[in-house]
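Have a look at data_18.txt below; it lists compact mmCIF, C-alpha atoms.
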# COMPACT_ATOMS: atom_id res chain seq x y z
CA GLY A 9 -7.00 3.42 -22.73
CA ILE A 10 -7.11 0.60 -25.26
CA THR A 11 -7.95 -3.06 -24.63
CA TYR A 12 -7.18 -5.74 -27.22
CA LYS A 13 -8.60 -9.25 -26.92
CA ALA A 14 -6.33 -11.46 -29.01
CA ASP A 15 -8.46 -14.54 -28.22
CA PRO A 16 -10.65 -15.69 -25.32
CA ALA A 17 -7.53 -16.62 -23.33
CA ASN A 18 -5.31 -13.57 -23.91
CA VAL A 19 -6.21 -9.90 -23.32
CA PHE A 20 -3.86 -6.89 -23.45
CA HIS A 21 -4.36 -3.27 -22.42
CA VAL A 22 -2.53 0.06 -22.45
CA TYR A 23 -3.56 3.19 -20.58
CA TYR A 24 -2.49 6.80 -20.27
CA GLY A 25 -3.87 9.26 -17.75
CA ARG A 26 -3.23 12.94 -17.04
CA GLN A 27 -3.78 13.18 -13.32
CA PHE A 28 -4.46 16.08 -10.98
CA THR A 29 -4.28 15.39 -7.22
CA PRO A 30 -4.75 18.28 -4.77
CA PRO A 31 -3.49 17.88 -1.18
CA ASN A 32 -6.00 17.11 1.57
CA LEU A 33 -7.61 20.09 3.23
CA GLU A 34 -6.99 18.74 6.74
CA ALA A 35 -3.65 19.96 8.07
CA ILE A 36 -2.06 21.34 11.21
CA SER A 37 -0.82 24.87 10.59
CA PHE A 38 2.49 24.75 12.44
CA THR A 39 3.49 28.18 11.21
CA LYS A 40 0.66 29.77 13.20
CA LEU A 41 2.01 28.27 16.43
CA ASN A 42 4.41 30.35 18.51
CA THR A 43 7.23 27.84 18.80
CA ALA A 44 10.15 30.29 18.80
CA GLY A 45 12.71 29.41 21.46
CA THR A 46 11.20 25.95 22.09
CA THR A 47 12.31 22.47 21.05
CA ALA A 48 9.40 22.46 18.56
CA ALA A 49 10.80 25.43 16.62
CA PRO A 50 11.44 24.46 12.96
CA GLU A 51 15.02 24.41 11.67
CA ASN A 52 13.85 25.92 8.38
CA THR A 53 11.06 28.53 8.42
CA THR A 54 10.34 28.47 4.67
CA ASN A 55 6.54 28.25 4.37
CA ASN A 56 5.42 27.52 0.82
CA THR A 57 1.84 26.48 0.06
CA VAL A 58 1.59 22.81 -0.94
CA ARG A 59 1.07 22.60 -4.70
CA ALA A 60 -1.35 20.15 -6.30
CA GLU A 61 0.29 17.17 -7.95
CA ARG A 62 0.13 16.92 -11.74
CA ALA A 63 1.26 13.66 -13.28
CA HIS A 64 1.51 11.60 -16.43
CA TYR A 65 0.51 7.99 -15.72
CA PHE A 66 1.34 5.09 -18.07
CA GLU A 67 0.20 1.49 -17.68
CA VAL A 68 0.47 -1.71 -19.74
CA GLY A 69 -0.90 -5.09 -18.77
CA SER A 70 -2.11 -8.46 -19.90
CA TYR A 71 -4.38 -11.30 -18.80
CA HIS A 72 -3.78 -14.93 -19.76
CA ALA A 73 -5.92 -17.99 -19.14
CA LEU A 74 -3.32 -20.77 -19.04
CA SER A 75 -6.01 -23.42 -18.65
CA ARG A 76 -9.48 -23.83 -17.22
CA TRP A 77 -7.96 -23.80 -13.73
CA ALA A 78 -5.11 -21.24 -13.95
CA THR A 79 -4.93 -17.54 -14.92
CA VAL A 80 -2.08 -15.03 -14.86
CA GLN A 81 -2.32 -11.23 -14.79
CA LEU A 82 0.64 -8.87 -15.28
CA THR A 83 0.69 -5.08 -14.99
CA GLY A 84 3.48 -2.52 -15.30
CA TYR A 85 3.15 1.19 -14.57
CA TYR A 86 5.18 4.39 -14.59
CA LYS A 87 4.13 7.75 -13.13
CA LEU A 88 6.00 10.98 -13.83
CA ALA A 89 4.89 13.70 -11.43
CA HIS A 90 5.35 17.44 -11.09
CA PHE A 91 4.96 18.50 -7.43
CA LEU A 92 4.90 14.86 -6.27
CA SER A 93 2.72 14.87 -3.15
CA ASP A 94 3.47 13.00 0.07
CA ALA A 95 2.26 13.01 3.65
CA GLY A 96 3.78 12.26 7.00
CA GLN A 97 2.98 11.91 10.68
CA PHE A 98 5.14 14.68 12.10
CA GLY A 99 5.53 14.56 15.84
CA THR A 100 3.15 12.58 18.02
CA THR A 101 -0.09 13.75 16.40
CA PRO A 102 -1.91 11.03 14.41
CA LEU A 103 -2.98 13.63 11.82
CA LEU A 104 -1.08 13.69 8.55
CA ASN A 105 0.48 16.82 7.10
CA TYR A 106 1.09 17.10 3.39
CA PHE A 107 4.14 18.37 1.55
CA ALA A 108 5.40 18.14 -2.01
CA PHE A 109 8.58 17.43 -3.93
CA GLU A 110 9.42 19.56 -6.94
CA ARG A 111 9.24 16.45 -9.11
CA GLY A 112 9.34 12.69 -8.81
CA TRP A 113 8.49 9.34 -10.31
CA GLN A 114 6.93 6.02 -9.38
CA ARG A 115 7.29 2.71 -11.18
CA GLY A 116 6.37 -0.88 -10.55
CA ILE A 117 5.31 -4.30 -11.77
CA ASP A 118 2.45 -6.41 -10.38
CA GLY A 119 1.81 -10.08 -11.01
CA ALA A 120 -1.07 -12.31 -9.94
CA LEU A 121 -1.67 -16.05 -10.31
CA LYS A 122 -5.09 -17.63 -9.63
CA LEU A 123 -5.62 -21.38 -9.36
CA GLN A 124 -8.83 -23.39 -9.11
CA LEU A 125 -7.24 -26.68 -8.04
CA MET A 126 -10.51 -28.46 -7.24
CA GLU A 127 -14.15 -27.46 -7.10
CA ASN A 128 -13.76 -26.70 -3.41
CA LEU A 129 -10.05 -25.74 -3.32
CA SER A 130 -8.63 -22.49 -4.72
CA ALA A 131 -5.43 -20.49 -4.35
CA ARG A 132 -3.97 -17.19 -5.49
CA GLY A 133 -0.67 -15.39 -5.21
CA ASN A 134 0.38 -11.79 -5.79
CA VAL A 135 3.83 -10.24 -6.14
CA ALA A 136 4.47 -6.49 -6.51
CA TRP A 137 7.75 -4.65 -7.07
CA GLY A 138 7.79 -0.87 -6.84
CA GLN A 139 9.91 2.24 -6.35
CA CYS A 140 9.19 5.92 -5.71
CA LYS A 141 11.66 8.80 -5.71
CA GLY A 142 11.36 12.55 -5.14
CA TYR A 143 13.68 15.43 -6.08
CA GLY A 144 13.75 18.92 -4.58
CA LEU A 145 11.46 20.10 -1.78
CA GLN A 146 8.61 22.37 -2.90
CA SER A 147 6.83 22.73 0.45
CA GLY A 148 6.82 21.41 4.01
CA HIS A 149 10.16 22.88 5.07
CA VAL A 150 8.86 23.68 8.57
CA LEU A 151 8.00 20.00 9.06
CA LEU A 152 11.42 18.56 8.26
CA GLU A 153 14.89 18.61 9.71
CA GLN A 154 17.51 20.54 7.73
CA LYS A 155 19.45 17.34 7.01
CA GLU A 156 16.38 15.80 5.40
CA ILE A 157 15.85 18.95 3.33
CA ASN A 158 19.47 18.85 2.17
CA ASP A 159 19.12 15.19 1.15
CA ILE A 160 15.91 15.90 -0.78
CA ASN A 161 17.54 18.83 -2.57
CA SER A 162 20.64 16.81 -3.45
CA GLN A 163 21.25 15.76 -7.03
CA GLY A 164 20.09 12.17 -6.48
CA GLY A 165 16.96 13.03 -4.50
CA VAL A 166 15.54 10.54 -1.99
CA PHE A 167 13.32 7.49 -2.05
CA CYS A 168 9.81 8.08 -0.70
CA ASP A 169 9.32 6.90 2.88
CA HIS A 170 6.25 4.82 1.96
CA SER A 171 8.17 3.03 -0.79
CA GLN A 172 8.48 -0.73 -0.26
CA THR A 173 10.49 -2.61 -2.85
CA LEU A 174 8.74 -5.98 -2.68
CA THR A 175 5.31 -6.99 -1.41
CA SER A 176 3.69 -10.38 -1.88
CA SER A 177 0.78 -12.42 -0.60
CA GLY A 178 -0.65 -15.89 -0.93
CA VAL A 179 -4.09 -17.29 -0.09
CA VAL A 180 -5.43 -20.85 -0.04
CA ALA A 181 -9.15 -21.47 0.55
CA TYR A 182 -10.76 -24.87 1.17
CA ARG A 183 -14.54 -25.26 1.34
CA PHE A 184 -15.91 -28.23 3.26
CA LEU A 185 -19.25 -29.22 4.81
CA GLU A 186 -20.87 -27.44 1.84
CA ARG A 187 -21.01 -23.95 3.40
CA THR A 188 -17.88 -23.79 5.59
CA THR A 189 -14.57 -22.39 4.32
CA LEU A 190 -11.11 -22.50 5.88
CA THR A 191 -8.64 -19.91 4.56
CA GLY A 192 -4.92 -19.48 5.14
CA GLN A 193 -3.02 -16.33 4.19
CA VAL A 194 0.64 -15.30 4.14
CA LEU A 195 1.88 -11.72 3.69
CA PHE A 196 5.49 -10.73 2.98
CA ALA A 197 6.95 -7.22 3.09
CA SER A 198 10.55 -6.28 2.29
CA GLY A 199 10.39 -3.30 4.69
CA LEU A 200 9.69 0.43 4.43
CA ARG A 201 12.43 2.96 3.87
CA THR A 202 14.77 4.12 6.65
CA ALA A 203 18.44 5.07 7.01
CA GLU A 204 21.42 3.94 9.03
CA GLU A 205 22.85 6.42 11.52
CA GLY A 206 24.56 9.20 9.60
CA GLY A 207 23.32 7.86 6.26
CA LYS A 208 21.26 9.58 3.60
CA THR A 209 17.53 9.83 4.28
CA ASN A 210 15.61 6.71 3.12
CA SER A 211 18.80 5.16 1.73
CA THR A 212 18.04 1.67 3.09
CA HIS A 213 15.02 -0.24 4.38
CA SER A 214 13.67 -1.74 7.59
CA PRO A 215 13.96 -5.52 8.15
CA SER A 216 11.58 -7.65 6.11
CA TYR A 217 8.81 -9.63 7.79
CA THR A 218 6.27 -12.35 7.02
CA VAL A 219 2.85 -12.63 8.68
CA TYR A 220 0.49 -15.62 8.68
CA ASN A 221 -3.28 -15.30 9.11
CA MET A 222 -6.16 -17.79 9.27
CA SER A 223 -9.91 -17.48 8.80
CA LEU A 224 -12.91 -19.79 9.23
CA THR A 225 -16.32 -18.80 7.83
CA HIS A 226 -19.73 -20.44 7.71
CA VAL A 227 -22.76 -19.34 5.68
CA ILE A 228 -26.27 -19.79 7.11
CA PRO A 229 -29.11 -19.48 4.56
CA LEU A 230 -32.04 -17.35 5.69
CA PRO A 231 -35.64 -17.99 4.64
CA TRP A 232 -36.24 -14.52 3.15
CA ASP A 233 -35.56 -13.75 -0.53
CA ASN A 234 -32.18 -15.55 -0.82
CA GLN A 235 -30.79 -13.72 2.20
CA LYS A 236 -27.92 -15.26 4.15
CA LEU A 237 -25.85 -14.76 7.29
CA LEU A 238 -22.07 -15.20 7.26
CA LEU A 239 -20.28 -15.91 10.55
CA GLY A 240 -16.49 -15.67 10.67
CA PHE A 241 -13.59 -16.23 13.03
CA ASP A 242 -10.21 -14.70 12.13
CA VAL A 243 -6.73 -15.00 13.61
CA VAL A 244 -4.29 -12.25 12.59
CA ASN A 245 -0.55 -12.88 13.06
CA LEU A 246 -1.08 -16.55 13.84
CA LEU A 247 2.50 -17.11 15.05
CA ASP A 248 2.52 -13.92 17.16
CA GLN A 249 5.62 -12.57 15.45
CA GLN A 250 7.07 -9.26 16.60
CA TYR A 251 8.00 -6.77 13.89
CA LEU A 252 8.07 -3.06 13.12
CA ILE A 253 6.23 -1.62 10.14
CA ASN A 254 8.52 1.39 10.34
CA GLN A 255 11.30 2.30 12.74
CA GLY A 256 10.34 5.95 13.29
CA GLU A 257 13.73 7.32 12.26
CA GLY A 258 15.83 7.72 9.16
CA SER A 259 12.77 8.47 7.04
CA ILE A 260 10.65 11.52 6.23
CA GLY A 261 7.60 12.25 8.33
CA LEU A 262 7.61 9.16 10.54
CA GLY A 263 8.91 10.31 13.89
CA VAL A 264 7.10 7.56 15.79
CA SER A 265 7.71 3.85 15.22
CA HIS A 266 4.73 1.62 14.44
CA ALA A 267 4.73 -2.01 15.59
CA GLY A 268 2.81 -4.75 13.83
CA MET A 269 -0.36 -6.16 15.34
CA PRO A 270 0.24 -8.98 17.86
CA ARG A 271 -1.73 -12.22 17.61
CA SER A 272 -5.34 -11.09 17.57
CA PHE A 273 -8.71 -12.83 17.37
CA PHE A 274 -11.79 -11.42 15.66
CA PHE A 275 -15.38 -12.59 15.41
CA ARG A 276 -17.54 -11.11 12.67
CA GLY A 277 -21.00 -11.41 11.19
CA GLN A 278 -22.35 -10.25 7.83
CA TRP A 279 -25.99 -10.17 6.78
CA PHE A 280 -26.49 -10.27 3.02
CA PHE A 281 -29.88 -9.00 1.90

How does this structure look as structure tokens?
Amino acid sequence: GITYKADPANVFHVYYGRQFTPPNLEAISFTKLNTAGTTAAPENTTNNTVRAERAHYFEVGSYHALSRWATVQLTGYYKLAHFLSDAGQFGTTPLLNYFAFERGWQRGIDGALKLQLMENLSARGNVAWGQCKGYGLQSGHVLLEQKEINDINSQGGVFCDHSQTLTSSGVVAYRFLERTTLTGQVLFASGLRTAEEGGKTNSTHSPSYTVYNMSLTHVIPLPWDNQKLLLGFDVVNLLDQQYLINQGEGSIGLGVSHAGMPRSFFFRGQWFF
């Protein structure tokens, strides 16, 4: 990688990486199970060993200090993979099983804005756009339905099930009473991949959703060597919105739907020493 500092307010970088990513060792060996004649019998009994992913990774980015109170960071990336690896929760087991596409690519752009509006008031926002696509199935045939295999092996391939087109977040933090901070957070997701009935695998996406969170923290100084105790109270999904992270159908390796967390309250403590 190369980093170029044009001046104290503007920094640019480029990076190239040759990556090697083996699949996880943990896996359920479905082929060793006697499922013949049962509803769990695979539609396709091809049993290739999952190949390790080998990829070319390219990244360009820049950092800009717009003023003493505002900074912007931009990053773009592209990954070209041979034996693009993926994982899925097949069936009701929470364990993931890995499979691989013959080839695939990932690309995206990330942007971040940080603001120091006042000495005790700060904010930041992040926006990320990304896509991932795989072509041809190298392994994992026994885990998938034949229709999914046909879609993967088609000329246009399929989008990856974990691919989400747009993700963004925003945070505002206000410190008052010297050591007490109130933080508000908003998270937006455009929805993971799915498919309409009869449609191509991962050809559309689940409904988008927005979640609001809140946090209150207080720092208590301790008398020993600059140690301190942080006490926090967090509310996740402040408005108690109901949404699905994925719908459990129309995508690869997600046979069970996953609902978002309902309104939840957490108390936490951290001892810094």

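Straight-line separation from atom CA of A:Thr188 to atom CA of A:Asp242: 13.6 Å.
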
Residue neighbourhood A:Leu121, 7 Å, only C-alpha atoms, exclusion window fewer than 2 positions, as a PyMOL selection string: chain A and resi 79-81+119+123+132-134

Interatomic distance, atom CA of A:Ala89 to atom CA of A:Ala120 (Å, one decimal):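 Atom-to-atom, atom CA of A:Ala89 to atom CA of A:Ala120, that is 26.7 Å.
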
Pairwise distance for atom CA of A:Gln193 and atom CA of A:Met269, rounded to one decimal in Å: 15.3 Å

Listed atoms of stretch 175-180 of chain A, axis-aligned box, 5 Å per side: centre and edge lengths to one decimal in Å, as AutoDock Vina command-line options?
--center_x -0.1 --center_y -13.9 --center_z -1.0 --size_x 20.7 --size_y 23.9 --size_z 11.8

Nearest-residue call for A:Ser75, choices A:Ser171, A:Gln124, A:Asn52, A:Gln114, using only C-alpha atoms: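 Distance minimum relative to A:Ser75 lands on A:Gln124.
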
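Close contacts of A:Phe28, defined as residues with an atom at most 9 Å away when counting all atoms listed in the file, with chain neighbours fewer than 5 positions off set aside, comprise A:Ala60, A:Glu61, A:Arg62, A:Ala63.
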
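Among the candidate residues A:Asn245, A:Thr46, A:Ser176, A:Asn158, the one lying nearest to A:Pro270 is A:Asn245, with distances computed using all atoms listed in the file.
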
Residues within 10 Å of A:Arg115, only C-alpha atoms, excluding chain neighbours under 2 positions, as a list of chain:residue names: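 Near A:Arg115, the qualifying residues are A:Tyr65, A:Phe66, A:Glu67, A:Gly84, A:Tyr85, A:Tyr86, A:Lys87, A:Leu88, A:Trp113, A:Ile117, A:Trp137, A:Gly138, A:Gln139, A:Cys140, A:Lys141.
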
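Those DNA, RNA and protein residues that approach the point (2.3, -16.3, 18.0) to within 10 Å, considering only C-alpha atoms, are Tyr220, Val244, Asn245, Leu246, Leu247, Asp248, Gln249, Gln250, Pro270, Arg271 and Ser272 of chain A.
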
Nearest residue to A:Ser70 from the set A:Asn18, A:Thr29, A:Ser93, A:Asn56 (distances using all atoms listed in the file): A:Asn18
